[in-house]
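Coordinates as given in coords_25.txt (compact mmCIF, C-alpha atoms):
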```txt
# COMPACT_ATOMS: atom_id res chain seq x y z
CA MET A 64 135.48 126.09 176.41
CA THR A 65 131.80 125.20 176.04
CA SER A 66 130.08 125.96 172.74
CA ARG A 67 128.03 128.65 174.49
CA VAL A 68 131.17 130.44 175.67
CA LYS A 69 132.72 130.04 172.22
CA PHE A 70 129.66 131.63 170.61
CA PHE A 71 129.70 134.49 173.14
CA VAL A 72 133.39 135.15 172.49
CA ARG A 73 133.09 134.86 168.72
CA SER A 74 130.17 137.24 168.44
CA ALA A 75 131.68 140.08 170.48
CA ARG A 76 132.90 143.11 168.52
CA VAL A 77 135.23 144.30 171.25
CA ALA A 78 137.18 142.77 174.12
CA HIS A 79 139.46 144.16 176.80
CA LEU A 80 143.09 143.06 177.00
CA ALA A 81 145.09 143.35 180.21
CA THR A 82 148.87 143.07 180.25
CA THR A 83 151.41 143.76 182.97
CA ASP A 84 154.81 145.37 182.80
CA ARG A 85 158.03 144.29 184.51
CA ASN A 86 157.14 146.26 187.61
CA GLY A 87 153.73 144.68 188.09
CA GLN A 88 151.83 147.68 186.71
CA PRO A 89 148.76 146.48 184.78
CA HIS A 90 147.55 148.06 181.55
CA VAL A 91 144.18 147.54 179.86
CA ILE A 92 142.73 148.63 176.54
CA PRO A 93 139.78 147.76 174.30
CA ILE A 94 140.75 145.58 171.35
CA CYS A 95 139.20 144.26 168.20
CA PHE A 96 139.93 140.59 167.76
CA VAL A 97 138.97 137.38 166.09
CA PHE A 98 138.68 133.94 167.67
CA ASP A 99 139.31 130.92 165.46
CA GLY A 100 138.17 128.40 168.08
CA LYS A 101 141.69 127.94 169.47
CA ALA A 102 143.34 131.33 169.76
CA LEU A 103 142.43 135.01 169.73
CA TYR A 104 144.15 137.35 167.31
CA SER A 105 144.29 141.11 167.69
CA PRO A 106 146.08 143.28 165.13
CA ILE A 107 148.12 146.40 165.66
CA ASP A 108 146.08 148.85 163.68
CA GLU A 109 147.28 152.16 165.01
CA LYS A 110 149.46 154.39 162.95
CA PRO A 111 152.60 154.08 165.05
CA LYS A 112 153.08 157.31 166.96
CA LYS A 113 156.75 156.59 167.45
CA SER A 114 159.22 154.89 165.20
CA SER A 115 157.91 151.36 165.73
CA PRO A 116 154.70 149.59 166.78
CA LEU A 117 156.94 147.56 169.08
CA LYS A 118 156.99 150.61 171.35
CA LEU A 119 153.27 150.32 172.02
CA LYS A 120 152.70 149.63 175.69
CA ARG A 121 150.78 146.37 175.18
CA ILE A 122 153.53 145.02 172.90
CA LYS A 123 156.32 146.02 175.26
CA ASN A 124 154.43 144.42 178.14
CA ILE A 125 153.82 141.16 176.27
CA ARG A 126 157.48 140.92 175.31
CA ALA A 127 158.46 141.44 178.95
CA ASN A 128 155.66 139.26 180.39
CA PRO A 129 153.55 137.05 178.09
CA ARG A 130 150.80 136.47 180.67
CA VAL A 131 147.62 138.24 179.66
CA ALA A 132 143.93 138.34 180.50
CA VAL A 133 141.09 139.11 178.09
CA VAL A 134 137.52 139.74 179.09
CA ILE A 135 134.52 139.68 176.75
CA ASP A 136 131.40 141.02 178.37
CA HIS A 137 127.90 142.26 177.88
CA TYR A 138 126.51 145.22 179.82
CA ASP A 139 122.79 145.74 180.22
CA GLU A 140 120.83 147.97 182.59
CA ASN A 141 118.91 144.84 183.50
CA TRP A 142 121.62 143.30 185.65
CA LYS A 143 120.11 139.85 185.26
CA ARG A 144 121.51 140.00 181.74
CA LEU A 145 125.10 140.88 182.67
CA ALA A 146 127.66 138.36 181.49
CA TYR A 147 131.35 137.93 180.93
CA ALA A 148 133.90 135.39 179.84
CA LEU A 149 137.39 135.82 181.24
CA ILE A 150 140.28 134.23 179.40
CA THR A 151 143.74 134.00 180.89
CA GLY A 152 146.64 132.73 178.86
CA ARG A 153 149.82 133.58 177.04
CA ALA A 154 150.34 136.07 174.28
CA THR A 155 152.92 136.08 171.52
CA ILE A 156 153.62 138.59 168.79
CA LEU A 157 153.41 137.32 165.23
CA PHE A 158 155.24 139.28 162.55
CA ARG A 159 154.50 137.12 159.50
CA GLY A 160 153.75 133.55 158.46
CA GLN A 161 150.70 131.35 157.91
CA GLN A 162 148.99 132.14 161.22
CA HIS A 163 149.46 135.87 160.66
CA LYS A 164 148.00 135.55 157.16
CA LYS A 165 145.01 133.54 158.34
CA ALA A 166 144.32 135.98 161.18
CA VAL A 167 144.35 138.91 158.73
CA LEU A 168 141.77 137.10 156.57
CA LEU A 169 139.50 136.30 159.51
CA LEU A 170 139.78 139.84 160.87
CA ARG A 171 138.85 141.30 157.48
CA GLN A 172 135.86 138.97 157.31
CA LYS A 173 134.67 140.01 160.75
CA TYR A 174 135.47 143.72 160.47
CA PRO A 175 135.01 145.37 157.04
CA GLN A 176 136.89 148.31 158.56
CA TYR A 177 140.14 146.32 158.34
CA ARG A 178 139.85 145.70 154.60
CA ARG A 179 141.50 149.00 153.80
CA MET A 180 143.96 149.03 156.69
CA ALA A 181 147.51 147.72 156.49
CA ILE A 182 147.15 145.09 159.22
CA HIS A 183 148.97 142.55 156.99
CA ASP A 184 152.08 144.71 157.42
CA ARG A 185 151.82 145.09 161.18
CA PRO A 186 152.50 142.81 164.14
CA MET A 187 149.61 140.66 165.37
CA ILE A 188 148.97 139.56 168.96
CA ARG A 189 148.06 135.89 169.35
CA ILE A 190 146.50 134.86 172.68
CA THR A 191 146.34 131.20 173.56
CA PRO A 192 143.77 130.60 176.31
CA ALA A 193 144.94 128.53 179.27
CA ARG A 194 141.85 129.03 181.42
CA VAL A 195 138.36 130.36 180.79
CA THR A 196 135.87 131.35 183.45
CA SER A 197 132.44 132.71 182.74
CA TRP A 198 129.83 134.50 184.80
CA GLY A 199 126.21 135.50 184.26
CA LYS A 200 123.86 134.94 181.37
CA LEU A 201 126.06 134.14 178.42
CA MET B 113 142.28 165.37 183.93
CA THR B 114 140.59 167.75 181.47
CA SER B 115 136.89 168.47 181.91
CA ARG B 116 136.18 166.54 178.71
CA VAL B 117 137.89 163.43 180.07
CA LYS B 118 136.09 163.89 183.40
CA PHE B 119 132.75 164.06 181.62
CA PHE B 120 133.57 160.97 179.55
CA VAL B 121 134.58 159.03 182.68
CA ARG B 122 131.60 160.21 184.73
CA SER B 123 129.01 159.33 182.11
CA ALA B 124 130.19 155.77 181.49
CA ARG B 125 128.01 153.00 182.93
CA VAL B 126 130.77 150.41 182.90
CA ALA B 127 134.57 150.37 183.05
CA HIS B 128 137.18 147.63 182.95
CA LEU B 129 139.50 147.10 185.89
CA ALA B 130 142.84 145.34 185.51
CA THR B 131 144.79 144.04 188.47
CA THR B 132 147.84 141.81 188.70
CA ASP B 133 148.68 139.03 191.12
CA ARG B 134 151.98 138.32 192.86
CA ASN B 135 153.19 136.27 189.91
CA GLY B 136 152.57 138.95 187.30
CA GLN B 137 149.36 137.35 186.00
CA PRO B 138 146.90 140.08 184.99
CA HIS B 139 143.15 139.86 185.62
CA VAL B 140 140.44 142.06 184.09
CA ILE B 141 136.72 142.40 184.67
CA PRO B 142 133.93 144.84 183.91
CA ILE B 143 132.97 147.02 186.86
CA CYS B 144 130.30 149.49 187.80
CA PHE B 145 131.81 152.54 189.40
CA VAL B 146 131.34 156.15 190.32
CA PHE B 147 133.83 158.99 189.90
CA ASP B 148 133.63 161.91 192.35
CA GLY B 149 136.16 164.02 190.44
CA LYS B 150 139.08 162.73 192.49
CA ALA B 151 138.74 158.96 192.87
CA LEU B 152 136.79 156.08 191.38
CA TYR B 153 134.77 153.82 193.64
CA SER B 154 133.60 150.34 192.74
CA PRO B 155 131.60 148.23 195.18
CA ILE B 156 131.72 144.52 195.79
CA ASP B 157 128.20 143.59 194.84
CA GLU B 158 128.49 139.87 194.26
CA LYS B 159 127.02 137.45 196.67
CA PRO B 160 130.26 135.97 197.95
CA LYS B 161 130.64 132.48 196.50
CA LYS B 162 133.10 131.54 199.19
CA SER B 163 133.24 132.53 202.82
CA SER B 164 134.44 136.08 202.29
CA PRO B 165 134.44 138.77 199.56
CA LEU B 166 138.13 139.16 200.39
CA LYS B 167 138.69 135.96 198.44
CA LEU B 168 137.55 137.58 195.21
CA LYS B 169 140.42 137.64 192.74
CA ARG B 170 140.41 141.42 192.25
CA ILE B 171 140.51 142.00 196.02
CA LYS B 172 143.28 139.48 196.60
CA ASN B 173 145.26 141.04 193.76
CA ILE B 174 144.84 144.59 195.08
CA ARG B 175 145.93 143.52 198.55
CA ALA B 176 149.03 141.89 197.06
CA ASN B 177 149.69 144.66 194.50
CA PRO B 178 147.79 147.96 194.69
CA ARG B 179 148.73 149.04 191.16
CA VAL B 180 145.70 148.97 188.88
CA ALA B 181 144.55 150.20 185.49
CA VAL B 182 141.01 151.17 184.53
CA VAL B 183 139.82 151.85 181.03
CA ILE B 184 136.60 153.62 180.08
CA ASP B 185 135.82 153.35 176.41
CA HIS B 186 133.26 153.79 173.70
CA TYR B 187 132.91 151.30 170.85
CA ASP B 188 131.23 152.25 167.61
CA GLU B 189 131.24 150.57 164.21
CA ASN B 190 132.30 153.94 162.85
CA TRP B 191 135.88 153.76 164.02
CA LYS B 192 136.26 157.52 163.80
CA ARG B 193 134.12 157.55 166.94
CA LEU B 194 136.21 155.12 169.01
CA ALA B 195 137.54 156.57 172.24
CA TYR B 196 139.04 155.58 175.52
CA ALA B 197 140.44 157.03 178.71
CA LEU B 198 143.02 154.93 180.50
CA ILE B 199 143.61 155.56 184.17
CA THR B 200 146.51 154.06 186.05
CA GLY B 201 146.82 154.43 189.76
CA ARG B 202 146.58 152.79 193.13
CA ALA B 203 143.68 150.95 194.65
CA THR B 204 142.75 150.48 198.27
CA ILE B 205 139.96 148.56 199.89
CA LEU B 206 137.59 150.54 202.11
CA PHE B 207 135.57 148.63 204.68
CA ARG B 208 133.72 151.47 206.37
CA GLY B 209 133.98 155.19 207.16
CA GLN B 210 133.01 158.51 205.58
CA GLN B 211 134.44 157.79 202.13
CA HIS B 212 132.73 154.41 202.02
CA LYS B 213 129.42 156.03 203.01
CA LYS B 214 129.74 158.79 200.41
CA ALA B 215 130.62 156.28 197.70
CA VAL B 216 127.54 154.19 198.53
CA LEU B 217 125.34 157.30 198.17
CA LEU B 218 126.89 158.30 194.85
CA LEU B 219 126.65 154.76 193.52
CA ARG B 220 122.97 154.56 194.46
CA GLN B 221 122.35 157.89 192.71
CA LYS B 222 124.05 156.71 189.54
CA TYR B 223 122.71 153.14 189.55
CA PRO B 224 119.16 152.62 190.87
CA GLN B 225 120.04 148.89 190.82
CA TYR B 226 122.25 149.40 193.89
CA ARG B 227 119.43 150.87 195.99
CA ARG B 228 118.27 147.45 197.05
CA MET B 229 121.67 145.81 197.26
CA ALA B 230 123.76 145.56 200.43
CA ILE B 231 126.76 147.47 199.10
CA HIS B 232 126.92 149.45 202.36
CA ASP B 233 127.87 146.18 204.07
CA ARG B 234 130.54 145.13 201.59
CA PRO B 235 134.08 146.25 200.86
CA MET B 236 134.54 149.06 198.34
CA ILE B 237 137.46 149.54 195.97
CA ARG B 238 138.82 153.08 195.78
CA ILE B 239 141.08 153.93 192.85
CA THR B 240 143.19 157.07 192.98
CA PRO B 241 144.34 158.05 189.49
CA ALA B 242 148.03 158.78 189.09
CA ARG B 243 148.05 159.11 185.30
CA VAL B 244 145.34 159.49 182.68
CA THR B 245 145.83 159.06 178.96
CA SER B 246 143.09 159.38 176.42
CA TRP B 247 142.70 158.41 172.80
CA GLY B 248 140.15 159.10 170.07
CA LYS B 249 137.01 161.19 170.05
CA LEU B 250 136.09 161.64 173.67
```

Can you give me the file's structure in the form of structure tokens?
Amino acid sequence: MTSRVKFFVRSARVAHLATTDRNGQPHVIPICFVFDGKALYSPIDEKPKKSSPLKLKRIKNIRANPRVAVVIDHYDENWKRLAYALITGRATILFRGQQHKKAVLLLRQKYPQYRRMAIHDRPMIRITPARVTSWGKL
Amino acid sequence: MTSRVKFFVRSARVAHLATTDRNGQPHVIPICFVFDGKALYSPIDEKPKKSSPLKLKRIKNIRANPRVAVVIDHYDENWKRLAYALITGRATILFRGQQHKKAVLLLRQKYPQYRRMAIHDRPMIRITPARVTSWGKL
């Protein structure tokens, strides 16, 4: 990843995460995330609707198929300024440990909103980029 | 789809389209699109890098696996105002015909940028929603 792409990824407030279920049905949602230069981390911040956050679609998909894609992009009505960085790679779910702890810290630095949310008690998605392609004016 | 969801989808300038290849690898990119109340249409507007727009990853994926997901969302630093509508459905590629023509017109109404681009000569993705879920303050 070039330093320009890294800067573009780091400074984005929102990304879009695509996962796929066992049957080849894709799923995509906006995520908040932090990028430590090696991996992206995205917390589960929803109040679980059901008994467990593991029932969330993105988590179920990742456990069935760890291949994911994340896009970080900028939209502008001046289409000369459109840009995106597309990351494909593998996702894993962290439940605790040093990486989980570090991700919680970084997320709370980036997003004050997380400082009063129980993300330290929830699973965390870690995405390890395998390939990055970029397009437009990053 | 409720009228509130329809309004939210219609008024968005950009959406994110997820597709999946034969091997279960998801792909996601930002798209411009128009929604006519029944289907979403997104043109191929890139100058083809290779010999044919059919070699674009999203087109190859759709031809191998028509299942897609599209998310339309609003990000705001006030997280009480976050919202998204997630559409899953099937995509097909239109090359010409009445629907293609109508989509070009609607796209050029919504996006003046398309008025001088050759989208009438390029394939068009049509997405027929099968399921819509929404979250947050639409």

If you count all atoms listed in the file, which residues fall within 9 Å of A:Lys69, apart from same-chain ones fewer than 5 positions away, as a list in words? Met64, Ser74, Phe98 and Gly100 of chain A

Chain A near chain B within 6 Å: what's each residue's closest atom pair and its distance in Å to one decimal, counting all atoms listed in the file, ordered by chain then ascending residue number, as JSON lines?
```
{"residue": "A:Thr82", "atom": "CA", "partner": "B:Pro138", "partner_atom": "CA", "distance": 5.9}
{"residue": "A:Gly87", "atom": "CA", "partner": "B:Gly136", "partner_atom": "CA", "distance": 5.9}
{"residue": "A:Gln88", "atom": "CA", "partner": "B:Arg179", "partner_atom": "CA", "distance": 5.6}
{"residue": "A:Pro89", "atom": "CA", "partner": "B:Ala181", "partner_atom": "CA", "distance": 5.7}
{"residue": "A:His90", "atom": "CA", "partner": "B:Ala181", "partner_atom": "CA", "distance": 5.4}
{"residue": "A:Arg130", "atom": "CA", "partner": "B:Gln137", "partner_atom": "CA", "distance": 5.6}
{"residue": "A:Val131", "atom": "CA", "partner": "B:Pro138", "partner_atom": "CA", "distance": 5.7}
{"residue": "A:Ala132", "atom": "CA", "partner": "B:His139", "partner_atom": "CA", "distance": 5.4}
```

Counting only C-alpha atoms, figure out which residue out of A:His183, A:Arg189, A:Lys101, A:Lys143 gets nearest to A:Val72.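 Closest to A:Val72, using only C-alpha atoms: A:Lys101.
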
What does the structure give for the distance between atom CA of A:Lys118 and atom CA of A:Arg185, in Å to one decimal?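 Separating atom CA of A:Lys118 from atom CA of A:Arg185 is a distance of 12.7 Å.
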
One number please: atom CA of A:Leu170 to atom CA of A:Asp99, in Å, one decimal.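 Computed distance, atom CA of A:Leu170 to atom CA of A:Asp99, equals 10.0 Å.
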
One decimal, in Å: what's the spacing between atom CA of B:Thr114 and atom CA of B:Met236? 25.9 Å

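Distances from A:Lys165, A:Ala102, A:Val97, A:Arg73 to A:Arg194 were compared using only C-alpha atoms, and the smallest one belongs to A:Ala102.
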
Skipping near chain neighbours, those fewer than 4 positions away, what residues fall within 9 Å of B:Ile231 using only C-alpha atoms, listed as a ChimeraX atom specification? /B:155-157,216,226-227,235-236

Stretch 131-174 of chain A from the block above, N, CA and C atoms, as an mmCIF file, in the first residue's frame, please?
```cif
data_model
loop_
_atom_site.group_PDB
_atom_site.id
_atom_site.type_symbol
_atom_site.label_atom_id
_atom_site.label_comp_id
_atom_site.auth_asym_id
_atom_site.auth_seq_id
_atom_site.Cartn_x
_atom_site.Cartn_y
_atom_site.Cartn_z
ATOM 1 N N VAL A 131 -13.395 -11.169 2.390
ATOM 2 C CA VAL A 131 -14.170 -9.928 2.458
ATOM 3 C C VAL A 131 -13.597 -8.906 1.483
ATOM 4 N N ALA A 132 -14.369 -7.862 1.257
ATOM 5 C CA ALA A 132 -13.887 -6.701 0.503
ATOM 6 C C ALA A 132 -14.336 -5.461 1.260
ATOM 7 N N VAL A 133 -13.457 -4.461 1.289
ATOM 8 C CA VAL A 133 -13.779 -3.192 1.943
ATOM 9 C C VAL A 133 -13.450 -2.086 0.957
ATOM 10 N N VAL A 134 -14.379 -1.168 0.792
ATOM 11 C CA VAL A 134 -14.064 -0.021 -0.060
ATOM 12 C C VAL A 134 -14.143 1.260 0.761
ATOM 13 N N ILE A 135 -13.168 2.137 0.549
ATOM 14 C CA ILE A 135 -13.129 3.461 1.157
ATOM 15 C C ILE A 135 -13.192 4.414 -0.025
ATOM 16 N N ASP A 136 -14.161 5.329 -0.010
ATOM 17 C CA ASP A 136 -14.282 6.172 -1.189
ATOM 18 C C ASP A 136 -14.702 7.578 -0.852
ATOM 19 N N HIS A 137 -14.507 8.428 -1.820
ATOM 20 C CA HIS A 137 -14.887 9.827 -1.696
ATOM 21 C C HIS A 137 -15.809 10.167 -2.859
ATOM 22 N N TYR A 138 -17.004 10.693 -2.536
ATOM 23 C CA TYR A 138 -17.925 11.135 -3.579
ATOM 24 C C TYR A 138 -17.922 12.653 -3.658
ATOM 25 N N ASP A 139 -17.946 13.154 -4.860
ATOM 26 C CA ASP A 139 -17.965 14.605 -5.081
ATOM 27 C C ASP A 139 -18.751 14.846 -6.368
ATOM 28 N N GLU A 140 -19.535 15.912 -6.400
ATOM 29 C CA GLU A 140 -20.292 16.175 -7.642
ATOM 30 C C GLU A 140 -19.360 16.519 -8.801
ATOM 31 N N ASN A 141 -18.171 16.956 -8.490
ATOM 32 C CA ASN A 141 -17.143 17.089 -9.528
ATOM 33 C C ASN A 141 -16.482 15.720 -9.679
ATOM 34 N N TRP A 142 -16.862 15.013 -10.734
ATOM 35 C CA TRP A 142 -16.436 13.619 -10.869
ATOM 36 C C TRP A 142 -14.935 13.459 -11.131
ATOM 37 N N LYS A 143 -14.257 14.575 -11.371
ATOM 38 C CA LYS A 143 -12.792 14.477 -11.440
ATOM 39 C C LYS A 143 -12.190 14.221 -10.069
ATOM 40 N N ARG A 144 -12.999 14.416 -9.037
ATOM 41 C CA ARG A 144 -12.491 14.226 -7.671
ATOM 42 C C ARG A 144 -12.949 12.915 -7.037
ATOM 43 N N LEU A 145 -13.631 12.074 -7.810
ATOM 44 C CA LEU A 145 -14.039 10.772 -7.275
ATOM 45 C C LEU A 145 -12.799 9.926 -6.999
ATOM 46 N N ALA A 146 -12.875 9.111 -5.968
ATOM 47 C CA ALA A 146 -11.741 8.233 -5.669
ATOM 48 C C ALA A 146 -12.189 7.061 -4.811
ATOM 49 N N TYR A 147 -11.536 5.938 -4.980
ATOM 50 C CA TYR A 147 -11.749 4.854 -4.012
ATOM 51 C C TYR A 147 -10.513 3.972 -3.874
ATOM 52 N N ALA A 148 -10.450 3.333 -2.745
ATOM 53 C CA ALA A 148 -9.444 2.295 -2.498
ATOM 54 C C ALA A 148 -10.214 1.038 -2.136
ATOM 55 N N LEU A 149 -9.949 -0.023 -2.865
ATOM 56 C CA LEU A 149 -10.633 -1.297 -2.638
ATOM 57 C C LEU A 149 -9.651 -2.291 -2.041
ATOM 58 N N ILE A 150 -10.015 -2.815 -0.896
ATOM 59 C CA ILE A 150 -9.164 -3.775 -0.187
ATOM 60 C C ILE A 150 -9.862 -5.125 -0.196
ATOM 61 N N THR A 151 -9.180 -6.149 -0.674
ATOM 62 C CA THR A 151 -9.720 -7.493 -0.498
ATOM 63 C C THR A 151 -8.782 -8.242 0.440
ATOM 64 N N GLY A 152 -9.354 -9.127 1.211
ATOM 65 C CA GLY A 152 -8.531 -9.853 2.170
ATOM 66 C C GLY A 152 -9.363 -10.801 2.994
ATOM 67 N N ARG A 153 -8.821 -11.148 4.142
ATOM 68 C CA ARG A 153 -9.476 -12.124 5.019
ATOM 69 C C ARG A 153 -9.870 -11.447 6.324
ATOM 70 N N ALA A 154 -10.989 -11.856 6.826
ATOM 71 C CA ALA A 154 -11.454 -11.316 8.104
ATOM 72 C C ALA A 154 -11.461 -12.410 9.158
ATOM 73 N N THR A 155 -11.183 -11.999 10.381
ATOM 74 C CA THR A 155 -11.333 -12.914 11.518
ATOM 75 C C THR A 155 -12.047 -12.146 12.626
ATOM 76 N N ILE A 156 -12.650 -12.891 13.515
ATOM 77 C CA ILE A 156 -13.365 -12.276 14.633
ATOM 78 C C ILE A 156 -12.493 -12.405 15.875
ATOM 79 N N LEU A 157 -12.186 -11.272 16.484
ATOM 80 C CA LEU A 157 -11.432 -11.282 17.742
ATOM 81 C C LEU A 157 -12.419 -11.125 18.895
ATOM 82 N N PHE A 158 -12.210 -11.913 19.938
ATOM 83 C CA PHE A 158 -13.103 -11.816 21.099
ATOM 84 C C PHE A 158 -12.421 -11.126 22.273
ATOM 85 N N ARG A 159 -11.101 -11.285 22.359
ATOM 86 C CA ARG A 159 -10.333 -10.648 23.436
ATOM 87 C C ARG A 159 -8.873 -10.685 23.036
ATOM 88 N N GLY A 160 -7.992 -10.251 23.948
ATOM 89 C CA GLY A 160 -6.559 -10.344 23.700
ATOM 90 C C GLY A 160 -5.949 -8.997 23.368
ATOM 91 N N GLN A 161 -4.653 -8.988 23.146
ATOM 92 C CA GLN A 161 -3.883 -7.758 22.942
ATOM 93 C C GLN A 161 -4.356 -6.975 21.716
ATOM 94 N N GLN A 162 -4.594 -7.674 20.614
ATOM 95 C CA GLN A 162 -5.017 -6.973 19.390
ATOM 96 C C GLN A 162 -6.390 -6.331 19.581
ATOM 97 N N HIS A 163 -7.261 -7.054 20.263
ATOM 98 C CA HIS A 163 -8.603 -6.524 20.555
ATOM 99 C C HIS A 163 -8.473 -5.252 21.388
ATOM 100 N N LYS A 164 -7.639 -5.311 22.415
ATOM 101 C CA LYS A 164 -7.435 -4.189 23.330
ATOM 102 C C LYS A 164 -6.888 -2.972 22.574
ATOM 103 N N LYS A 165 -5.892 -3.214 21.735
ATOM 104 C CA LYS A 165 -5.259 -2.131 20.991
ATOM 105 C C LYS A 165 -6.271 -1.492 20.018
ATOM 106 N N ALA A 166 -7.064 -2.350 19.371
ATOM 107 C CA ALA A 166 -8.068 -1.846 18.428
ATOM 108 C C ALA A 166 -9.093 -0.965 19.145
ATOM 109 N N VAL A 167 -9.497 -1.376 20.344
ATOM 110 C CA VAL A 167 -10.461 -0.579 21.121
ATOM 111 C C VAL A 167 -9.872 0.804 21.408
ATOM 112 N N LEU A 168 -8.600 0.837 21.806
ATOM 113 C CA LEU A 168 -7.928 2.122 22.075
ATOM 114 C C LEU A 168 -7.905 3.014 20.835
ATOM 115 N N LEU A 169 -7.473 2.437 19.730
ATOM 116 C CA LEU A 169 -7.370 3.215 18.481
ATOM 117 C C LEU A 169 -8.746 3.712 18.023
ATOM 118 N N LEU A 170 -9.741 2.858 18.159
ATOM 119 C CA LEU A 170 -11.097 3.252 17.762
ATOM 120 C C LEU A 170 -11.612 4.400 18.628
ATOM 121 N N ARG A 171 -11.285 4.338 19.929
ATOM 122 C CA ARG A 171 -11.755 5.404 20.832
ATOM 123 C C ARG A 171 -10.981 6.699 20.628
ATOM 124 N N GLN A 172 -9.756 6.580 20.101
ATOM 125 C CA GLN A 172 -9.025 7.793 19.720
ATOM 126 C C GLN A 172 -9.670 8.432 18.494
ATOM 127 N N LYS A 173 -9.970 7.582 17.512
ATOM 128 C CA LYS A 173 -10.505 8.096 16.246
ATOM 129 C C LYS A 173 -11.942 8.592 16.381
ATOM 130 N N TYR A 174 -12.750 7.845 17.122
ATOM 131 C CA TYR A 174 -14.175 8.154 17.257
ATOM 132 C C TYR A 174 -14.512 8.406 18.734
#
```
